[in-house]
Amino acid sequence: MNTESSILTVKDLRIHFDTFEGRAQVLDGCSFRLGKGDTLGLVGETGCGKSITAKAILGLLPVPPTRIVSGEILFHDKNLLSLSEGEWRRIRGSQIAMIFQDPMTYLNPVFSIEKQMVDVIRGHARHRNGSMSRRAAREKAIALLEAAHIANPRSRIREFPHEFSGGMRQRVLIAMALAGDPEILIADEPTTALDVTIQAQILRLIKELVERFHHSVLLISHDLGIVASVCRRIAVMYAGDIVELTTIERIFQSPAHPYTKGLLRAIPDLSTREGKLVGITGSIPDLIDPPKGCRFHPRCPYVMGVCKEVKPVLKEVAEEHQVACFLFGLP
Amino acid sequence: MKQYIVKRLLLIILTLFGLITVIFMVSRVAPGDPARLAAGPDATEEMVEVMRTEFGLDKPLFVQYISYFKGLFRGNLGRSIRTRRFVLDDLIDFFPATFELTVFSLLFAVVVAIPFGVLCAVYRDRFLDHVARVFSVSGMALPMFWLALMLQLFLALRFDFLPLGGRLGMLTDAPTKITHLFLVDSLLAGNWHAFQDALRHIILPAFVLSFPALASIIRVNRAEMLEVLSRDFIISARAHGISKVRIIGQYALKNALIPTMTMVGLRYGWMLGGTILVETVFDWPGIGLYAVQSAVYSDFQPIMGVTLLIGINFMMANLIIDLVYGALDPRVRYE
Amino acid sequence: MNDAWTNLKPIKTSGIWDQWKEEHESLFRDIRLSLYLFSRSPLSVTGMILVGVFFLIALIGPMIVPFPEDATGAVHMSQKLIEPDSRFWFGTDEMGRDIFTRVILGTRISLRIGLIIVCVAMGIGVPLGITAGFVGGWINEVVMRITDIFLSIPGLLLALAIIGALGPGITNSMIALSLVWWPGYVRLVQGKTLSLKEEAFIEAAHSVGAGKARIIFLHILPNCTSPIIVKASMDMGMAILAAAGLGFVGVGAQPPAPEWGAMISAARNYLPNWWWYAVFPGLAIFVTVLGFNLLGDGLRDILDPQSRGYYRE
């Protein structure tokens, strides 16, 4: 992946979060690239910093208590971290759009779907130095709902969020995200709050839309399987760092980082009939006082002396395969 | 929905029945003799007895109770011992003044307090917010009648800024009576002078009456706005590029108004009660003043009439507020 | 049967006092935490100080006033309507009585009024509310309907109507205001009882054979005390305010009693030249009610933080 074709570059992002007990170092030098039409999945446990990364890209983090300590987020060579509020509004939704986790709480309960979508669509039109009439915006909204496979969109658009089922609401959110014809679609755990059967439908929808409209996608999830079904590339995150960055095939064929290996081993197989569930010993580190050196070292079965002192950075070990681990070369 | 309204109206009527009964029962405990009170301190025994029969006070309480209801159905609310007129006529005369005052005060409170509450939430912990916090805490502790007197003292007596009382100046004629609300009537008749005069007269009493409401509504609205602004769908709206003004003024406010409306309804009740105090200070010829004068006199029938009237007023206002909920929050369904 | 169990006795600690302390350890911790949180809020502490001063003045007032004979009845026409000076800190009224003395003595009257109203309202409302909530059924329906009737018109007006039926006077105004305030307690307690009834620990108590009375007194009542205390402290202020209002319009305390509202009513005739007459009693009302409001707010923040509800005042 060369720099010329990447439209989003996250460079060495460091973010701290003030809590009652102290300052949590939630992101500690996170870097990755997203190209045009590229699909990247960000995988990790709860609290590893994936959601914060997504929100940082759209500038949605509340600035105290969050502090962006250092790093850059380049979107077409513009650093998003230095944008003014007015410039942000031109980008949010129309160039980078986000799909959220829980469709019930992320939709305004007192306004109809029509109102919410029309507001969004007309807002985007205004930023593109045009304007759109309410009627035209309504037609576009109906078309978007149709693309998201909502039946009877013309009559359902007048309804309110509580009149839709969970899966339907997520389709509405997806339709809203598409409203601005964005280049990048960020999906933050889009299926976590849904039933398993609905999950599959929504994932299918996302795949179909990506194929149809060629968005670049950043999919965030704690579920490897979900990421595997939609994305071509994957980044594994642990305690605020990306520890492995590669394609889906390689992650299953030849996982490199010990954490990744542990994750894959922990997935129960339909063929295993007996035996204990395999987990990774230990627990995620305290981000206020993280371990020195590699943050995974207290739980790593292959830990070496250097791991406790120096922090490994992502290094290319094969084509389109980067790992942050001293097993693949000492510093 | 229509069924719901009908049900509520029936409930109002039933409650009024109950209210009348309660007050009748309370009056049973009373040791005084209203006929004697009405006749005055120099009355002879004969005059007291005449009073008694004229007002049906010689019959047992239960009979009075029944005959009161019979009268109600015929539109007869009894007679005032003090003014010697039919209570109904007195009420018709005095109610518009109170209605104008309370509605004006309520509108004033809502129009000022809700935006203020929003601003305090948006500019949290800045100077404006602190001022508003102090104001809301003290606003509910300040005695309305004392505030009224202080304002009269400074604005009317010391500095002749605003009039001392009444609805109109002595030299102004009342505008042609269509609604009996001077502000509305004078506008309808194009009588600019009367409008100005009526406005000057209503400002002080309305301000005093709305004072505690201002304090509470600002407080509630601010708290609700802060809570709503922390909710997920606000993040979602920002992520879609919706402007801050729209987010605060529409997306957040509509949600915050729902609990605020409860407070508005409650404060309207206190406003209705407060007319007793405010109308007394400003000589405002409304039913609050009428009720006070009747109570001092132990004049029973007018008090019942006022109770009924204010009861209907208050319960209708609550019904309207409940319907407003339905308009604001689509999750509320009235079958 | 394991003999070890029957012979098991608790290890004796040193003395009864220490045993009691240990049993109530968590209660002490709660109290300490509450006091700490309370002291963090300057407004709450201010409220507490104001209320404390109010009670103090009410108690020792008659002993420290400069002109005790001015309480009622005394007439000194030679010194009527004097501006506040070193002798008469708040000035004198139209009968030559020292207003400072009368305001101080009015504190005692207001305290009496407030306490009686709140206590009577609690005394009627709390038992009714618990009964209605606990027993349920038609008793609950009847009680709640009656409560609704009382709450169907604004409080001040209901009080006025009741006074209209009973006649003016300080006792009657206390009766009237008590009748206005009790429904609020019924609603509060009934709601709390209803929700407590569903809790698991009530069912548990029931299943080990606890009688209804025991459940009510040991389990339900203690859990209601927090919201009741909060409401009571806010109601004290509001009751005093309402009583003063009734005194002002002439149906409450009657002259020459030094009740604040009645004093302001008399003072009306002497504005604007003899302004001090109206200003000081009003300030007294304001400061007192403010104190109770702040105290109530502070108590709510530590005792009952979830109830940001707005109960009938």
# chains A, B, ... in the order shown; residues from 1 in each chain; ligands from 1
call {"tool": "residues_around", "arguments": {"residues": "Ile321 in chain B", "least_positions_apart": "2", "cutoff": "10 Å", "atoms": "only C-alpha atoms", "output": "mmCIF file with C-alpha atoms, in the first residue's frame"}}
result
data_model
loop_
_atom_site.group_PDB
_atom_site.id
_atom_site.type_symbol
_atom_site.label_atom_id
_atom_site.label_comp_id
_atom_site.auth_asym_id
_atom_site.auth_seq_id
_atom_site.Cartn_x
_atom_site.Cartn_y
_atom_site.Cartn_z
ATOM 1 C CA ILE B 258 -40.880 17.168 27.632
ATOM 2 C CA MET B 261 -43.588 20.975 30.393
ATOM 3 C CA THR B 262 -44.329 19.199 33.647
ATOM 4 C CA VAL B 264 -44.636 24.592 33.440
ATOM 5 C CA GLY B 265 -47.905 22.936 34.414
ATOM 6 C CA MET B 315 -57.457 20.900 35.354
ATOM 7 C CA MET B 316 -58.016 22.079 31.801
ATOM 8 C CA ALA B 317 -54.486 23.465 31.801
ATOM 9 C CA ASN B 318 -53.190 20.060 32.914
ATOM 10 C CA LEU B 319 -55.163 18.410 30.157
ATOM 11 C CA LEU B 323 -51.913 16.852 25.023
ATOM 12 C CA VAL B 324 -48.787 18.900 24.402
ATOM 13 C CA TYR B 325 -46.776 15.904 25.613
ATOM 14 C CA GLY B 326 -48.449 13.872 22.921
ATOM 15 C CA ALA B 327 -47.438 16.428 20.348
#
call {"tool": "closest_atom_pairs", "arguments": {"of": "chain C", "to": "chain B", "cutoff": "9 Å", "atoms": "only C-alpha atoms", "output": "JSON lines"}}
result
{"residue": "C:Arg145", "atom": "CA", "partner": "B:Thr15", "partner_atom": "CA", "distance": 8.4}
{"residue": "C:Ile146", "atom": "CA", "partner": "B:Gly18", "partner_atom": "CA", "distance": 7.8}
{"residue": "C:Asp148", "atom": "CA", "partner": "B:Thr15", "partner_atom": "CA", "distance": 7.7}
{"residue": "C:Ile149", "atom": "CA", "partner": "B:Thr15", "partner_atom": "CA", "distance": 5.5}
{"residue": "C:Phe150", "atom": "CA", "partner": "B:Leu19", "partner_atom": "CA", "distance": 7.1}
{"residue": "C:Ser152", "atom": "CA", "partner": "B:Gly311", "partner_atom": "CA", "distance": 6.2}
{"residue": "C:Ile153", "atom": "CA", "partner": "B:Gly311", "partner_atom": "CA", "distance": 5.0}
{"residue": "C:Pro154", "atom": "CA", "partner": "B:Gly269", "partner_atom": "CA", "distance": 5.1}
{"residue": "C:Gly155", "atom": "CA", "partner": "B:Gly273", "partner_atom": "CA", "distance": 6.6}
{"residue": "C:Leu156", "atom": "CA", "partner": "B:Gly273", "partner_atom": "CA", "distance": 5.0}
{"residue": "C:Leu157", "atom": "CA", "partner": "B:Gly273", "partner_atom": "CA", "distance": 5.3}
{"residue": "C:Leu158", "atom": "CA", "partner": "B:Thr307", "partner_atom": "CA", "distance": 7.4}
{"residue": "C:Leu160", "atom": "CA", "partner": "B:Ala295", "partner_atom": "CA", "distance": 6.6}
{"residue": "C:Ala161", "atom": "CA", "partner": "B:Ile303", "partner_atom": "CA", "distance": 5.8}
{"residue": "C:Ile162", "atom": "CA", "partner": "B:Ile23", "partner_atom": "CA", "distance": 6.6}
{"residue": "C:Ile163", "atom": "CA", "partner": "B:Ala295", "partner_atom": "CA", "distance": 6.6}
{"residue": "C:Gly164", "atom": "CA", "partner": "B:Ala295", "partner_atom": "CA", "distance": 4.1}
{"residue": "C:Ala165", "atom": "CA", "partner": "B:Ser27", "partner_atom": "CA", "distance": 4.6}
{"residue": "C:Leu166", "atom": "CA", "partner": "B:Ala30", "partner_atom": "CA", "distance": 4.5}
{"residue": "C:Gly167", "atom": "CA", "partner": "B:Ser298", "partner_atom": "CA", "distance": 5.8}
{"residue": "C:Pro168", "atom": "CA", "partner": "B:Val296", "partner_atom": "CA", "distance": 6.4}
{"residue": "C:Gly237", "atom": "CA", "partner": "B:Ala141", "partner_atom": "CA", "distance": 7.7}
{"residue": "C:Met238", "atom": "CA", "partner": "B:Ala141", "partner_atom": "CA", "distance": 7.8}
{"residue": "C:Leu241", "atom": "CA", "partner": "B:Pro143", "partner_atom": "CA", "distance": 6.5}
{"residue": "C:Ala242", "atom": "CA", "partner": "B:Pro143", "partner_atom": "CA", "distance": 8.7}
{"residue": "C:Ala244", "atom": "CA", "partner": "B:Pro143", "partner_atom": "CA", "distance": 8.3}
{"residue": "C:Gly245", "atom": "CA", "partner": "B:Leu277", "partner_atom": "CA", "distance": 6.8}
{"residue": "C:Leu246", "atom": "CA", "partner": "B:Leu277", "partner_atom": "CA", "distance": 8.4}
{"residue": "C:Phe248", "atom": "CA", "partner": "B:Phe145", "partner_atom": "CA", "distance": 7.9}
{"residue": "C:Val249", "atom": "CA", "partner": "B:Leu277", "partner_atom": "CA", "distance": 6.8}
{"residue": "C:Gly250", "atom": "CA", "partner": "B:Val296", "partner_atom": "CA", "distance": 6.9}
{"residue": "C:Val251", "atom": "CA", "partner": "B:Val296", "partner_atom": "CA", "distance": 6.0}
{"residue": "C:Gly261", "atom": "CA", "partner": "B:Trp146", "partner_atom": "CA", "distance": 8.9}
{"residue": "C:Ile264", "atom": "CA", "partner": "B:Trp146", "partner_atom": "CA", "distance": 7.6}
{"residue": "C:Arg268", "atom": "CA", "partner": "B:Leu149", "partner_atom": "CA", "distance": 7.6}
{"residue": "C:Leu271", "atom": "CA", "partner": "B:Leu153", "partner_atom": "CA", "distance": 6.9}
{"residue": "C:Pro272", "atom": "CA", "partner": "B:Leu153", "partner_atom": "CA", "distance": 5.8}
{"residue": "C:Trp275", "atom": "CA", "partner": "B:Leu153", "partner_atom": "CA", "distance": 8.0}
{"residue": "C:Ala278", "atom": "CA", "partner": "B:Trp146", "partner_atom": "CA", "distance": 7.7}
{"residue": "C:Val279", "atom": "CA", "partner": "B:Met150", "partner_atom": "CA", "distance": 7.6}
{"residue": "C:Gly282", "atom": "CA", "partner": "B:Trp146", "partner_atom": "CA", "distance": 5.8}
{"residue": "C:Leu283", "atom": "CA", "partner": "B:Leu142", "partner_atom": "CA", "distance": 8.6}
{"residue": "C:Ile285", "atom": "CA", "partner": "B:Pro143", "partner_atom": "CA", "distance": 7.1}
{"residue": "C:Phe286", "atom": "CA", "partner": "B:Leu142", "partner_atom": "CA", "distance": 5.1}
{"residue": "C:Val287", "atom": "CA", "partner": "B:Ala141", "partner_atom": "CA", "distance": 7.7}
{"residue": "C:Thr288", "atom": "CA", "partner": "B:Ala141", "partner_atom": "CA", "distance": 8.2}
{"residue": "C:Val289", "atom": "CA", "partner": "B:Ala141", "partner_atom": "CA", "distance": 5.2}
{"residue": "C:Leu290", "atom": "CA", "partner": "B:Ala141", "partner_atom": "CA", "distance": 5.0}
{"residue": "C:Gly291", "atom": "CA", "partner": "B:Ala141", "partner_atom": "CA", "distance": 8.6}
{"residue": "C:Phe292", "atom": "CA", "partner": "B:Ala141", "partner_atom": "CA", "distance": 8.9}
{"residue": "C:Asn293", "atom": "CA", "partner": "B:Ala141", "partner_atom": "CA", "distance": 7.3}
{"residue": "C:Leu294", "atom": "CA", "partner": "B:Val137", "partner_atom": "CA", "distance": 7.6}
{"residue": "C:Tyr310", "atom": "CA", "partner": "B:Met263", "partner_atom": "CA", "distance": 7.4}
{"residue": "C:Arg312", "atom": "CA", "partner": "B:Leu266", "partner_atom": "CA", "distance": 7.8}
call {"tool": "atom_distance", "arguments": {"atom1": "CA of Tyr185 in chain C", "atom2": "CA of Cys224 in chain C"}}
result
10.6 Å
call {"tool": "atom_distance", "arguments": {"atom1": "CA of Phe160 in chain A", "atom2": "CA of Arg331 in chain B"}}
result
8.3 Å
call {"tool": "atom_distance", "arguments": {"atom1": "CA of Phe182 in chain B", "atom2": "CA of Ala198 in chain B"}}
result
6.4 Å
call {"tool": "interface_residues", "arguments": {"of": "chain B", "to": "chain A", "cutoff": "9 Å", "atoms": "only C-alpha atoms", "output": "mmCIF file with C-alpha atoms, in the first residue's frame"}}
result
data_model
loop_
_atom_site.group_PDB
_atom_site.id
_atom_site.type_symbol
_atom_site.label_atom_id
_atom_site.label_comp_id
_atom_site.auth_asym_id
_atom_site.auth_seq_id
_atom_site.Cartn_x
_atom_site.Cartn_y
_atom_site.Cartn_z
ATOM 1 C CA ARG B 231 -27.094 11.517 24.688
ATOM 2 C CA ASP B 232 -25.962 9.372 21.774
ATOM 3 C CA PHE B 233 -28.214 10.754 19.065
ATOM 4 C CA ILE B 234 -26.566 14.144 19.509
ATOM 5 C CA ILE B 235 -23.220 12.563 18.609
ATOM 6 C CA SER B 236 -24.927 10.983 15.646
ATOM 7 C CA ALA B 237 -26.331 14.310 14.486
ATOM 8 C CA ARG B 238 -22.897 15.906 14.734
ATOM 9 C CA ALA B 239 -21.394 13.027 12.776
ATOM 10 C CA HIS B 240 -23.825 13.765 9.966
ATOM 11 C CA GLY B 241 -22.782 17.369 9.782
ATOM 12 C CA ILE B 242 -25.851 18.982 11.264
ATOM 13 C CA SER B 243 -25.240 22.528 12.445
ATOM 14 C CA TYR B 251 -32.750 18.210 18.211
ATOM 15 C CA ALA B 252 -31.902 18.688 21.869
ATOM 16 C CA LYS B 254 -37.526 19.199 21.714
ATOM 17 C CA ASN B 255 -36.415 16.354 23.933
ATOM 18 C CA LEU B 328 -43.854 16.555 21.544
ATOM 19 C CA ASP B 329 -43.180 12.898 22.195
ATOM 20 C CA PRO B 330 -44.393 10.485 19.533
ATOM 21 C CA ARG B 331 -43.920 7.550 21.878
#
call {"tool": "closest_atom_pairs", "arguments": {"of": "range 128-179 of chain B", "to": "range 100-120 of chain B", "cutoff": "9 Å", "atoms": "only C-alpha atoms", "output": "Markdown table"}}
result
| residue | atom | partner | partner_atom | distance |
| --- | --- | --- | --- | --- |
| B:Leu128 | CA | B:Cys120 | CA | 6.5 |
| B:Asp129 | CA | B:Cys120 | CA | 4.8 |
| B:His130 | CA | B:Cys120 | CA | 8.6 |
| B:Ala132 | CA | B:Cys120 | CA | 7.4 |
| B:Arg133 | CA | B:Cys120 | CA | 9.0 |
call {"tool": "closest_residue", "arguments": {"among": "A:Ala318, A:Ala137, A:Val26, A:Cys48", "to": "Pro255 in chain A", "atoms": "only C-alpha atoms"}}
result
A:Ala318
call {"tool": "select_by_dssp", "arguments": {"residues": "range 35-253 of chain A", "states": "alpha helix (DSSP H)", "output": "ChimeraX atom specification"}}
result
/A:50-57,85-91,113-127,134-147,153-156,166-178,196-213,224-230,248-253
call {"tool": "closest_residue", "arguments": {"among": "A:Ile68, A:Val118, A:Ile184, A:Val63", "to": "Gly29 in chain A", "atoms": "only C-alpha atoms"}}
result
A:Ile68
call {"tool": "residues_around", "arguments": {"residues": "Val189 in chain C", "least_positions_apart": "4", "cutoff": "10 Å", "atoms": "only C-alpha atoms", "output": "number ranges by chain"}}
result
C: 122, 125-133, 183-185, 193-195, 220-221, 223-225, 227-228
call {"tool": "select_by_dssp", "arguments": {"residues": "range 55-255 of chain A", "states": "strand (DSSP E)", "output": "PDB file with C-alpha atoms, in the first residue's frame"}}
result
ATOM      1  CA  THR A  66      -9.942  13.610  26.002  1.00  0.00           C
ATOM      2  CA  ARG A  67      -6.621  15.025  24.940  1.00  0.00           C
ATOM      3  CA  ILE A  68      -5.026  14.447  21.581  1.00  0.00           C
ATOM      4  CA  VAL A  69      -1.418  14.439  22.593  1.00  0.00           C
ATOM      5  CA  SER A  70       0.339  13.963  19.274  1.00  0.00           C
ATOM      6  CA  GLY A  71      -0.021  12.486  15.841  1.00  0.00           C
ATOM      7  CA  GLU A  72      -1.799  13.296  12.619  1.00  0.00           C
ATOM      8  CA  ILE A  73      -4.866  12.161  10.753  1.00  0.00           C
ATOM      9  CA  LEU A  74      -4.424  12.996   7.105  1.00  0.00           C
ATOM     10  CA  PHE A  75      -7.400  12.963   4.802  1.00  0.00           C
ATOM     11  CA  LYS A  78      -5.274  17.642   5.090  1.00  0.00           C
ATOM     12  CA  ASN A  79      -4.686  17.141   8.812  1.00  0.00           C
ATOM     13  CA  ILE A  96     -16.433  10.704   5.890  1.00  0.00           C
ATOM     14  CA  ALA A  97     -19.561   9.118   7.328  1.00  0.00           C
ATOM     15  CA  MET A  98     -20.150   6.950  10.352  1.00  0.00           C
ATOM     16  CA  ILE A  99     -22.519   4.142  11.223  1.00  0.00           C
ATOM     17  CA  ILE A 184     -15.053   6.772   3.610  1.00  0.00           C
ATOM     18  CA  LEU A 185     -17.563   4.812   5.637  1.00  0.00           C
ATOM     19  CA  ILE A 186     -16.663   4.104   9.254  1.00  0.00           C
ATOM     20  CA  ALA A 187     -18.792   1.424  10.865  1.00  0.00           C
ATOM     21  CA  ASP A 188     -18.400   1.298  14.659  1.00  0.00           C
ATOM     22  CA  SER A 216     -13.566   2.838   1.511  1.00  0.00           C
ATOM     23  CA  VAL A 217     -14.601   1.141   4.703  1.00  0.00           C
ATOM     24  CA  LEU A 218     -13.193   1.135   8.206  1.00  0.00           C
ATOM     25  CA  LEU A 219     -15.052  -1.537  10.111  1.00  0.00           C
ATOM     26  CA  ILE A 220     -14.631  -1.721  13.862  1.00  0.00           C
ATOM     27  CA  SER A 221     -15.554  -4.834  15.753  1.00  0.00           C
ATOM     28  CA  ARG A 233      -7.423  -6.137   5.386  1.00  0.00           C
ATOM     29  CA  ILE A 234      -7.369  -6.316   9.149  1.00  0.00           C
ATOM     30  CA  ALA A 235      -5.633  -4.501  11.989  1.00  0.00           C
ATOM     31  CA  VAL A 236      -5.476  -6.166  15.384  1.00  0.00           C
ATOM     32  CA  MET A 237      -5.436  -3.758  18.298  1.00  0.00           C
ATOM     33  CA  TYR A 238      -4.361  -4.360  21.840  1.00  0.00           C
ATOM     34  CA  ASP A 241      -1.594  -0.168  19.865  1.00  0.00           C
ATOM     35  CA  ILE A 242      -1.977  -1.895  16.539  1.00  0.00           C
ATOM     36  CA  VAL A 243      -0.037  -5.097  16.963  1.00  0.00           C
ATOM     37  CA  GLU A 244      -0.628  -6.712  13.569  1.00  0.00           C
ATOM     38  CA  LEU A 245      -1.723  -5.251  10.224  1.00  0.00           C
ATOM     39  CA  THR A 246      -2.293  -7.525   7.267  1.00  0.00           C
ATOM     40  CA  THR A 247      -4.814  -9.138   4.942  1.00  0.00           C
TER      41      THR A 247
END
call {"tool": "residues_around", "arguments": {"residues": "range 144-158 of chain A", "least_positions_apart": "3", "cutoff": "8 Å", "atoms": "only C-alpha atoms", "output": "ChimeraX atom specification"}}
result
/A:112-114,140-141,168,171-172,174-176,178-179,205
call {"tool": "write_last_selection", "arguments": {"atoms": "C-alpha atoms", "output": "PDB file, in the first residue's frame"}}
result
ATOM      1  CA  SER A 112     -39.631  11.291  12.194  1.00  0.00           C
ATOM      2  CA  ILE A 113     -37.143   9.486   9.991  1.00  0.00           C
ATOM      3  CA  GLU A 114     -38.100  11.829   7.193  1.00  0.00           C
ATOM      4  CA  LYS A 140     -33.406  11.170  -2.233  1.00  0.00           C
ATOM      5  CA  ALA A 141     -34.133   9.897   1.290  1.00  0.00           C
ATOM      6  CA  MET A 168     -34.609  -1.749  10.388  1.00  0.00           C
ATOM      7  CA  ARG A 171     -30.644   0.128   7.932  1.00  0.00           C
ATOM      8  CA  VAL A 172     -31.949   3.652   8.434  1.00  0.00           C
ATOM      9  CA  ILE A 174     -26.801   3.139   7.095  1.00  0.00           C
ATOM     10  CA  ALA A 175     -29.022   4.970   4.641  1.00  0.00           C
ATOM     11  CA  MET A 176     -28.299   8.214   6.509  1.00  0.00           C
ATOM     12  CA  LEU A 178     -24.787   7.155   2.571  1.00  0.00           C
ATOM     13  CA  ALA A 179     -26.730  10.370   2.169  1.00  0.00           C
ATOM     14  CA  LEU A 205     -26.095  -5.051   3.095  1.00  0.00           C
TER      15      LEU A 205
END
